[in-house]
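Note: the block below is target25.cif and it holds mmCIF, C-alpha atoms.
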```cif
data_structure
loop_
_atom_site.group_PDB
_atom_site.id
_atom_site.type_symbol
_atom_site.label_atom_id
_atom_site.label_comp_id
_atom_site.auth_asym_id
_atom_site.auth_seq_id
_atom_site.Cartn_x
_atom_site.Cartn_y
_atom_site.Cartn_z
ATOM 1 C CA MET A 17 16.501 -139.620 -38.008
ATOM 2 C CA GLY A 18 14.533 -136.648 -36.676
ATOM 3 C CA LYS A 19 15.673 -134.155 -34.066
ATOM 4 C CA THR A 20 14.053 -131.267 -32.181
ATOM 5 C CA TYR A 21 15.646 -127.858 -31.616
ATOM 6 C CA ARG A 22 14.506 -124.775 -29.700
ATOM 7 C CA LYS A 23 16.371 -122.357 -31.954
ATOM 8 C CA MET A 24 18.173 -122.058 -35.250
ATOM 9 C CA ASN A 25 21.792 -123.189 -35.332
ATOM 10 C CA LYS A 26 24.457 -122.695 -38.004
ATOM 11 C CA ARG A 27 23.846 -126.065 -39.719
ATOM 12 C CA LEU A 28 20.077 -125.537 -39.896
ATOM 13 C CA LYS A 29 20.547 -121.944 -41.072
ATOM 14 C CA THR A 30 22.870 -123.073 -43.870
ATOM 15 C CA PHE A 31 20.331 -125.688 -44.984
ATOM 16 C CA VAL A 32 17.405 -123.220 -44.981
ATOM 17 C CA GLU A 33 19.342 -120.538 -46.857
ATOM 18 C CA ARG A 34 20.199 -123.013 -49.636
ATOM 19 C CA GLN A 35 16.558 -123.876 -50.355
ATOM 20 C CA ALA A 36 14.794 -122.211 -53.296
ATOM 21 C CA LEU A 37 11.350 -123.352 -52.145
ATOM 22 C CA PHE A 38 9.524 -123.496 -48.829
ATOM 23 C CA PHE A 39 5.962 -124.101 -47.711
ATOM 24 C CA VAL A 40 3.802 -122.005 -45.363
ATOM 25 C CA ALA A 41 0.985 -123.632 -43.381
ATOM 26 C CA THR A 42 -1.654 -121.779 -41.340
ATOM 27 C CA ALA A 43 -5.159 -122.438 -40.090
ATOM 28 C CA ALA A 44 -7.831 -120.473 -38.297
ATOM 29 C CA PRO A 45 -9.645 -122.284 -35.466
ATOM 30 C CA GLU A 46 -12.428 -123.099 -37.961
ATOM 31 C CA GLY A 47 -12.339 -123.521 -41.728
ATOM 32 C CA ARG A 48 -9.764 -124.734 -44.168
ATOM 33 C CA VAL A 49 -6.064 -125.325 -43.530
ATOM 34 C CA ASN A 50 -3.864 -123.479 -46.013
ATOM 35 C CA ILE A 51 -0.513 -124.659 -47.355
ATOM 36 C CA SER A 52 1.293 -122.473 -49.881
ATOM 37 C CA PRO A 53 4.573 -122.987 -51.719
ATOM 38 C CA LYS A 54 6.860 -119.933 -51.680
ATOM 39 C CA GLY A 55 9.949 -118.973 -53.598
ATOM 40 C CA ILE A 56 11.775 -115.925 -54.931
ATOM 41 C CA ASP A 57 14.082 -114.040 -52.535
ATOM 42 C CA THR A 58 11.478 -113.701 -49.754
ATOM 43 C CA PHE A 59 12.872 -115.456 -46.667
ATOM 44 C CA ARG A 60 15.265 -114.138 -44.021
ATOM 45 C CA ILE A 61 16.659 -115.562 -40.797
ATOM 46 C CA ILE A 62 16.953 -112.586 -38.431
ATOM 47 C CA ASN A 63 18.435 -114.460 -35.486
ATOM 48 C CA ASP A 64 18.246 -117.913 -33.911
ATOM 49 C CA LYS A 65 14.637 -117.343 -32.746
ATOM 50 C CA GLU A 66 13.078 -115.160 -35.484
ATOM 51 C CA VAL A 67 12.541 -115.360 -39.237
ATOM 52 C CA LEU A 68 10.837 -113.015 -41.693
ATOM 53 C CA TRP A 69 8.954 -113.852 -44.857
ATOM 54 C CA LEU A 70 7.939 -111.276 -47.476
ATOM 55 C CA ASN A 71 4.486 -112.232 -48.745
ATOM 56 C CA LEU A 72 3.888 -111.303 -52.370
ATOM 57 C CA THR A 73 0.536 -110.612 -54.006
ATOM 58 C CA GLY A 74 -1.161 -113.791 -55.117
ATOM 59 C CA SER A 75 -4.546 -115.186 -56.001
ATOM 60 C CA GLY A 76 -5.569 -115.504 -52.355
ATOM 61 C CA ASN A 77 -4.596 -114.101 -48.969
ATOM 62 C CA GLU A 78 -5.341 -116.969 -46.597
ATOM 63 C CA THR A 79 -2.299 -116.487 -44.369
ATOM 64 C CA ALA A 80 -3.375 -112.963 -43.440
ATOM 65 C CA THR A 81 -6.867 -114.111 -42.483
ATOM 66 C CA HIS A 82 -5.616 -117.048 -40.446
ATOM 67 C CA LEU A 83 -3.111 -114.916 -38.513
ATOM 68 C CA LEU A 84 -5.921 -112.570 -37.454
ATOM 69 C CA GLU A 85 -7.508 -115.503 -35.614
ATOM 70 C CA SER A 86 -4.562 -117.705 -34.676
ATOM 71 C CA SER A 87 -0.885 -116.800 -34.650
ATOM 72 C CA ARG A 88 0.374 -120.363 -35.155
ATOM 73 C CA MET A 89 2.350 -121.051 -38.301
ATOM 74 C CA THR A 90 4.534 -123.829 -39.660
ATOM 75 C CA LEU A 91 7.187 -123.411 -42.337
ATOM 76 C CA MET A 92 8.600 -126.452 -44.113
ATOM 77 C CA PHE A 93 11.797 -126.793 -46.126
ATOM 78 C CA CYS A 94 12.668 -129.975 -48.052
ATOM 79 C CA ALA A 95 15.980 -131.039 -49.558
ATOM 80 C CA PHE A 96 15.208 -131.727 -53.197
ATOM 81 C CA GLU A 97 18.951 -131.919 -53.964
ATOM 82 C CA GLY A 98 21.823 -133.341 -51.947
ATOM 83 C CA ASN A 99 21.378 -135.192 -48.663
ATOM 84 C CA PRO A 100 17.751 -135.878 -47.678
ATOM 85 C CA LEU A 101 16.238 -133.661 -44.984
ATOM 86 C CA ILE A 102 12.918 -132.091 -44.050
ATOM 87 C CA LEU A 103 12.992 -129.132 -41.676
ATOM 88 C CA ARG A 104 9.878 -127.636 -40.075
ATOM 89 C CA ILE A 105 9.871 -124.347 -38.174
ATOM 90 C CA TYR A 106 6.982 -123.934 -35.725
ATOM 91 C CA GLY A 107 6.065 -120.708 -34.009
ATOM 92 C CA GLN A 108 3.850 -117.719 -33.483
ATOM 93 C CA ALA A 109 3.529 -115.220 -36.328
ATOM 94 C CA LYS A 110 2.553 -111.596 -36.748
ATOM 95 C CA ILE A 111 1.732 -109.939 -40.041
ATOM 96 C CA PHE A 112 2.673 -106.393 -41.068
ATOM 97 C CA HIS A 113 1.313 -104.353 -43.962
ATOM 98 C CA PRO A 114 2.952 -101.409 -45.758
ATOM 99 C CA ARG A 115 0.870 -99.081 -43.547
ATOM 100 C CA ASP A 116 2.432 -100.480 -40.339
ATOM 101 C CA ALA A 117 5.515 -99.075 -38.569
ATOM 102 C CA LYS A 118 6.994 -102.597 -38.301
ATOM 103 C CA TRP A 119 6.892 -102.846 -42.118
ATOM 104 C CA LYS A 120 9.199 -99.840 -42.343
ATOM 105 C CA GLU A 121 11.576 -101.451 -39.819
ATOM 106 C CA THR A 122 11.762 -104.780 -41.659
ATOM 107 C CA ILE A 123 11.300 -104.168 -45.397
ATOM 108 C CA GLY A 124 15.008 -103.320 -45.708
ATOM 109 C CA PHE A 125 15.863 -106.996 -45.174
ATOM 110 C CA PHE A 126 14.488 -107.734 -48.652
ATOM 111 C CA PRO A 127 15.145 -106.544 -52.194
ATOM 112 C CA LEU A 128 12.447 -104.361 -53.734
ATOM 113 C CA ILE A 129 9.984 -106.805 -55.257
ATOM 114 C CA PRO A 130 6.860 -105.546 -57.047
ATOM 115 C CA GLY A 131 3.659 -106.802 -55.439
ATOM 116 C CA ALA A 132 5.021 -107.107 -51.887
ATOM 117 C CA ARG A 133 1.935 -106.966 -49.655
ATOM 118 C CA GLN A 134 2.844 -108.210 -46.153
ATOM 119 C CA ILE A 135 5.791 -109.175 -44.013
ATOM 120 C CA VAL A 136 5.317 -112.094 -41.658
ATOM 121 C CA ALA A 137 7.524 -112.278 -38.557
ATOM 122 C CA LEU A 138 7.685 -115.742 -37.015
ATOM 123 C CA SER A 139 8.940 -116.226 -33.460
ATOM 124 C CA ILE A 140 10.379 -119.735 -33.374
ATOM 125 C CA ASP A 141 9.308 -122.044 -30.556
ATOM 126 C CA ARG A 142 10.424 -125.332 -32.140
ATOM 127 C CA ILE A 143 12.336 -126.660 -35.117
ATOM 128 C CA MET A 144 12.039 -130.299 -36.084
ATOM 129 C CA THR A 145 13.946 -132.242 -38.682
ATOM 130 C CA SER A 146 13.076 -135.577 -40.222
ATOM 131 C CA CYS A 147 14.896 -137.827 -42.645
ATOM 132 C CA GLY A 148 13.346 -136.790 -45.958
ATOM 133 C CA MET A 149 14.414 -140.057 -47.550
ATOM 134 C CA GLY A 150 11.030 -140.361 -49.273
ATOM 135 C CA ILE A 151 11.344 -136.974 -51.021
ATOM 136 C CA PRO A 152 12.275 -137.216 -54.717
ATOM 137 C CA ILE A 153 15.372 -135.530 -56.092
ATOM 138 C CA PHE A 154 14.735 -132.518 -58.318
ATOM 139 C CA ARG A 155 17.177 -130.164 -59.999
ATOM 140 C CA TYR A 156 16.686 -126.450 -59.442
ATOM 141 C CA GLU A 157 16.848 -124.528 -62.711
ATOM 142 C CA LYS A 158 15.816 -120.954 -61.967
ATOM 143 C CA GLU A 159 13.188 -118.707 -60.423
ATOM 144 C CA ARG A 160 10.031 -118.101 -62.400
ATOM 145 C CA GLU A 161 9.714 -114.470 -63.456
ATOM 146 C CA GLU A 162 5.991 -114.336 -64.204
ATOM 147 C CA LEU A 163 4.747 -113.191 -60.772
ATOM 148 C CA VAL A 164 7.213 -110.331 -60.439
ATOM 149 C CA ASP A 165 6.697 -109.294 -64.081
ATOM 150 C CA TRP A 166 2.913 -109.368 -63.608
ATOM 151 C CA ALA A 167 3.101 -107.193 -60.480
ATOM 152 C CA ALA A 168 5.546 -104.749 -62.097
ATOM 153 C CA ALA A 169 3.260 -104.364 -65.125
ATOM 154 C CA LYS A 170 0.273 -103.649 -62.867
ATOM 155 C CA GLY A 171 2.114 -100.956 -60.921
ATOM 156 C CA LYS A 172 1.173 -99.794 -57.423
ATOM 157 C CA THR A 173 -2.326 -98.672 -58.405
ATOM 158 C CA GLY A 174 -3.040 -101.877 -60.303
ATOM 159 C CA ILE A 175 -1.831 -104.002 -57.384
ATOM 160 C CA ARG A 176 -4.025 -102.067 -54.953
ATOM 161 C CA ASN A 177 -6.989 -102.590 -57.296
ATOM 162 C CA TYR A 178 -6.159 -106.315 -57.417
ATOM 163 C CA TRP A 179 -6.080 -106.432 -53.607
ATOM 164 C CA THR A 180 -9.497 -104.727 -53.581
ATOM 165 C CA GLU A 181 -10.979 -107.230 -56.010
ATOM 166 C CA HIS A 182 -9.239 -110.476 -54.993
ATOM 167 C CA ASN A 183 -7.438 -110.279 -51.633
ATOM 168 C CA GLN A 184 -9.932 -108.851 -49.110
ATOM 169 C CA GLU A 185 -11.642 -112.103 -48.236
ATOM 170 C CA SER A 186 -10.430 -115.639 -47.561
ATOM 171 C CA ILE A 187 -11.865 -118.716 -49.224
ATOM 172 C CA ASP A 188 -13.879 -119.176 -46.008
ATOM 173 C CA GLY A 189 -15.379 -115.673 -46.411
ATOM 174 C CA LYS A 190 -13.330 -114.027 -43.631
ATOM 175 C CA ALA A 191 -11.731 -110.589 -43.867
ATOM 176 C CA THR A 192 -8.001 -110.308 -44.585
ATOM 177 C CA ARG A 193 -7.708 -106.634 -43.564
ATOM 178 C CA ILE A 194 -5.293 -106.032 -46.395
ATOM 179 C CA LEU A 195 -6.777 -102.576 -46.935
ATOM 180 C CA LYS A 196 -7.988 -102.151 -43.342
#
```
File written out as structure tokens:
Amino acid sequence: MGKTYRKMNKRLKTFVERQALFFVATAAPEGRVNISPKGIDTFRIINDKEVLWLNLTGSGNETATHLLESSRMTLMFCAFEGNPLILRIYGQAKIFHPRDAKWKETIGFFPLIPGARQIVALSIDRIMTSCGMGIPIFRYEKEREELVDWAAAKGKTGIRNYWTEHNQESIDGKATRILK
């Protein structure tokens, strides 16, 4: 059944790197909890205690708002194929924008993806696995192309305009500081 780890090991790393989908959960001290599914080539394991996630432009920007008030974050990976397993990574996160020096240090870990808006660095304090025997089996077909195509068609100016119109405030009315 479930186990607890203080850091990433080779078996856990192999499992995480095989997953095409993961979930990000954050919450400010007050307001709504946010859980978002993530895909595309946006997740990197830097070492046994740190991971990076490239956040792409989307309809909201809840993670950014929540991390301004509380650095806690949980990532969840589920085996939808093969042996059942759920893996959760708990830790403290920091967010970096293209204007930040840390962005320039870390963006090279990822391919160039139109619409990239933040990099989240998560310092791992706990990893927990559970059986996952209740998770259905799905077959991975391919990545969706619509988000990347949409961002590429908008271009840098169009994406910045989208951030201005749609990504400056959370659903709870709090600032995201995407444009600072």
So that I can see what lies close to region 113-115 of chain A, please list as a PyMOL selection string the residues with an atom at most 8 Å from it, counting all atoms listed in the file and leaving out residues fewer than 2 positions away in the same chain. chain A and resi 111+117+119-120+133-135+194
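Our summary of the geometry notes that CA of Glu46 (chain A) is positioned 21.2 Å from CA of Ser75 (chain A).
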Carefully work through the PyMOL selection byres ((chain A and resi 166) around 12) for this structure and note down the residues it includes, as a compact mmCIF listing (two decimals) with C-alpha atoms, keeping the file's coordinate frame.
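Saved to part33.txt:
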```txt
# COMPACT_ATOMS: atom_id res chain seq x y z
CA LEU A 72 3.89 -111.30 -52.37
CA THR A 73 0.54 -110.61 -54.01
CA GLY A 74 -1.16 -113.79 -55.12
CA ILE A 129 9.98 -106.80 -55.26
CA PRO A 130 6.86 -105.55 -57.05
CA GLY A 131 3.66 -106.80 -55.44
CA ARG A 160 10.03 -118.10 -62.40
CA GLU A 161 9.71 -114.47 -63.46
CA GLU A 162 5.99 -114.34 -64.20
CA LEU A 163 4.75 -113.19 -60.77
CA VAL A 164 7.21 -110.33 -60.44
CA ASP A 165 6.70 -109.29 -64.08
CA ALA A 167 3.10 -107.19 -60.48
CA ALA A 168 5.55 -104.75 -62.10
CA ALA A 169 3.26 -104.36 -65.12
CA LYS A 170 0.27 -103.65 -62.87
CA GLY A 171 2.11 -100.96 -60.92
CA LYS A 172 1.17 -99.79 -57.42
CA GLY A 174 -3.04 -101.88 -60.30
CA ILE A 175 -1.83 -104.00 -57.38
CA TYR A 178 -6.16 -106.32 -57.42
```
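Distance-wise, CA of Glu78 (chain A) and CA of Glu33 (chain A) end up 24.9 Å apart.
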Written as a PyMOL selection string, which residues does the PyMOL selection byres ((chain A and resi 76) around 10) give for the file shown? chain A and resi 73-75+77-80+179+182-187+192
Take the residues that were just selected and, keeping C-alpha atoms, output them as an mmCIF file, in the frame of the given file.
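Okay, out30.cif is ready:
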```cif
data_model
loop_
_atom_site.group_PDB
_atom_site.id
_atom_site.type_symbol
_atom_site.label_atom_id
_atom_site.label_comp_id
_atom_site.auth_asym_id
_atom_site.auth_seq_id
_atom_site.Cartn_x
_atom_site.Cartn_y
_atom_site.Cartn_z
ATOM 1 C CA THR A 73 0.536 -110.612 -54.006
ATOM 2 C CA GLY A 74 -1.161 -113.791 -55.117
ATOM 3 C CA SER A 75 -4.546 -115.186 -56.001
ATOM 4 C CA ASN A 77 -4.596 -114.101 -48.969
ATOM 5 C CA GLU A 78 -5.341 -116.969 -46.597
ATOM 6 C CA THR A 79 -2.299 -116.487 -44.369
ATOM 7 C CA ALA A 80 -3.375 -112.963 -43.440
ATOM 8 C CA TRP A 179 -6.080 -106.432 -53.607
ATOM 9 C CA HIS A 182 -9.239 -110.476 -54.993
ATOM 10 C CA ASN A 183 -7.438 -110.279 -51.633
ATOM 11 C CA GLN A 184 -9.932 -108.851 -49.110
ATOM 12 C CA GLU A 185 -11.642 -112.103 -48.236
ATOM 13 C CA SER A 186 -10.430 -115.639 -47.561
ATOM 14 C CA ILE A 187 -11.865 -118.716 -49.224
ATOM 15 C CA THR A 192 -8.001 -110.308 -44.585
#
```
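Across the model, the gap from CA of Pro152 (chain A) to CA of Ile105 (chain A) is 21.1 Å.
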Enumerate, as a PyMOL selection string, the residues matched when the PyMOL selection byres ((chain A and resi 107-110) around 6) is run on the file above. chain A and resi 87-89+106+111+136-141
Would you list the residues near (2.3, -120.9, -50.6), meaning any protein, DNA or RNA residue with an atom at most 6 Å from that point in file coordinates, counting only C-alpha atoms, as a count of residues only? 6
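Each of A:Arg48, A:Glu157, A:Thr145, A:Ala191 was compared to Leu101 (chain A) using only C-alpha atoms, and A:Thr145 turns out to be the nearest.
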Any chance you could turn region 111-154 of chain A into a file with C-alpha atoms, as a PDB file, in the first residue's frame?
```pdb
ATOM      1  CA  ILE A 111       6.890  31.287  -8.767  1.00  0.00           C
ATOM      2  CA  PHE A 112       9.058  33.075 -11.339  1.00  0.00           C
ATOM      3  CA  HIS A 113       7.943  35.280 -14.217  1.00  0.00           C
ATOM      4  CA  PRO A 114       9.823  36.099 -17.437  1.00  0.00           C
ATOM      5  CA  ARG A 115      10.949  39.362 -15.785  1.00  0.00           C
ATOM      6  CA  ASP A 116      12.726  37.492 -12.951  1.00  0.00           C
ATOM      7  CA  ALA A 117      16.403  36.449 -12.934  1.00  0.00           C
ATOM      8  CA  LYS A 118      15.423  32.929 -11.785  1.00  0.00           C
ATOM      9  CA  TRP A 119      13.315  32.565 -14.958  1.00  0.00           C
ATOM     10  CA  LYS A 120      16.441  33.067 -17.053  1.00  0.00           C
ATOM     11  CA  GLU A 121      18.276  30.429 -14.982  1.00  0.00           C
ATOM     12  CA  THR A 122      15.534  27.810 -15.328  1.00  0.00           C
ATOM     13  CA  ILE A 123      13.738  28.314 -18.657  1.00  0.00           C
ATOM     14  CA  GLY A 124      16.456  26.296 -20.419  1.00  0.00           C
ATOM     15  CA  PHE A 125      15.119  23.123 -18.783  1.00  0.00           C
ATOM     16  CA  PHE A 126      12.077  23.326 -21.073  1.00  0.00           C
ATOM     17  CA  PRO A 127      11.434  23.469 -24.809  1.00  0.00           C
ATOM     18  CA  LEU A 128      10.217  26.806 -26.153  1.00  0.00           C
ATOM     19  CA  ILE A 129       6.453  26.694 -25.742  1.00  0.00           C
ATOM     20  CA  PRO A 130       4.298  29.655 -26.805  1.00  0.00           C
ATOM     21  CA  GLY A 131       2.310  31.116 -23.921  1.00  0.00           C
ATOM     22  CA  ALA A 132       4.769  30.187 -21.154  1.00  0.00           C
ATOM     23  CA  ARG A 133       3.984  32.602 -18.313  1.00  0.00           C
ATOM     24  CA  GLN A 134       5.578  31.320 -15.080  1.00  0.00           C
ATOM     25  CA  ILE A 135       7.966  28.714 -13.773  1.00  0.00           C
ATOM     26  CA  VAL A 136       7.124  27.134 -10.443  1.00  0.00           C
ATOM     27  CA  ALA A 137       9.972  25.667  -8.379  1.00  0.00           C
ATOM     28  CA  LEU A 138       8.814  23.200  -5.738  1.00  0.00           C
ATOM     29  CA  SER A 139      11.102  22.218  -2.866  1.00  0.00           C
ATOM     30  CA  ILE A 140      10.014  18.725  -1.867  1.00  0.00           C
ATOM     31  CA  ASP A 141       9.376  18.027   1.812  1.00  0.00           C
ATOM     32  CA  ARG A 142       7.380  14.803   1.380  1.00  0.00           C
ATOM     33  CA  ILE A 143       6.350  12.317  -1.273  1.00  0.00           C
ATOM     34  CA  MET A 144       3.550   9.877  -0.590  1.00  0.00           C
ATOM     35  CA  THR A 145       2.344   6.983  -2.675  1.00  0.00           C
ATOM     36  CA  SER A 146      -0.930   5.121  -2.427  1.00  0.00           C
ATOM     37  CA  CYS A 147      -2.284   2.083  -4.211  1.00  0.00           C
ATOM     38  CA  GLY A 148      -4.317   3.680  -6.999  1.00  0.00           C
ATOM     39  CA  MET A 149      -6.335   0.503  -7.431  1.00  0.00           C
ATOM     40  CA  GLY A 150      -9.537   2.543  -7.742  1.00  0.00           C
ATOM     41  CA  ILE A 151      -8.223   4.608 -10.680  1.00  0.00           C
ATOM     42  CA  PRO A 152      -9.604   3.533 -14.075  1.00  0.00           C
ATOM     43  CA  ILE A 153      -7.316   2.465 -16.894  1.00  0.00           C
ATOM     44  CA  PHE A 154      -7.069   4.899 -19.801  1.00  0.00           C
TER      45      PHE A 154
END
```
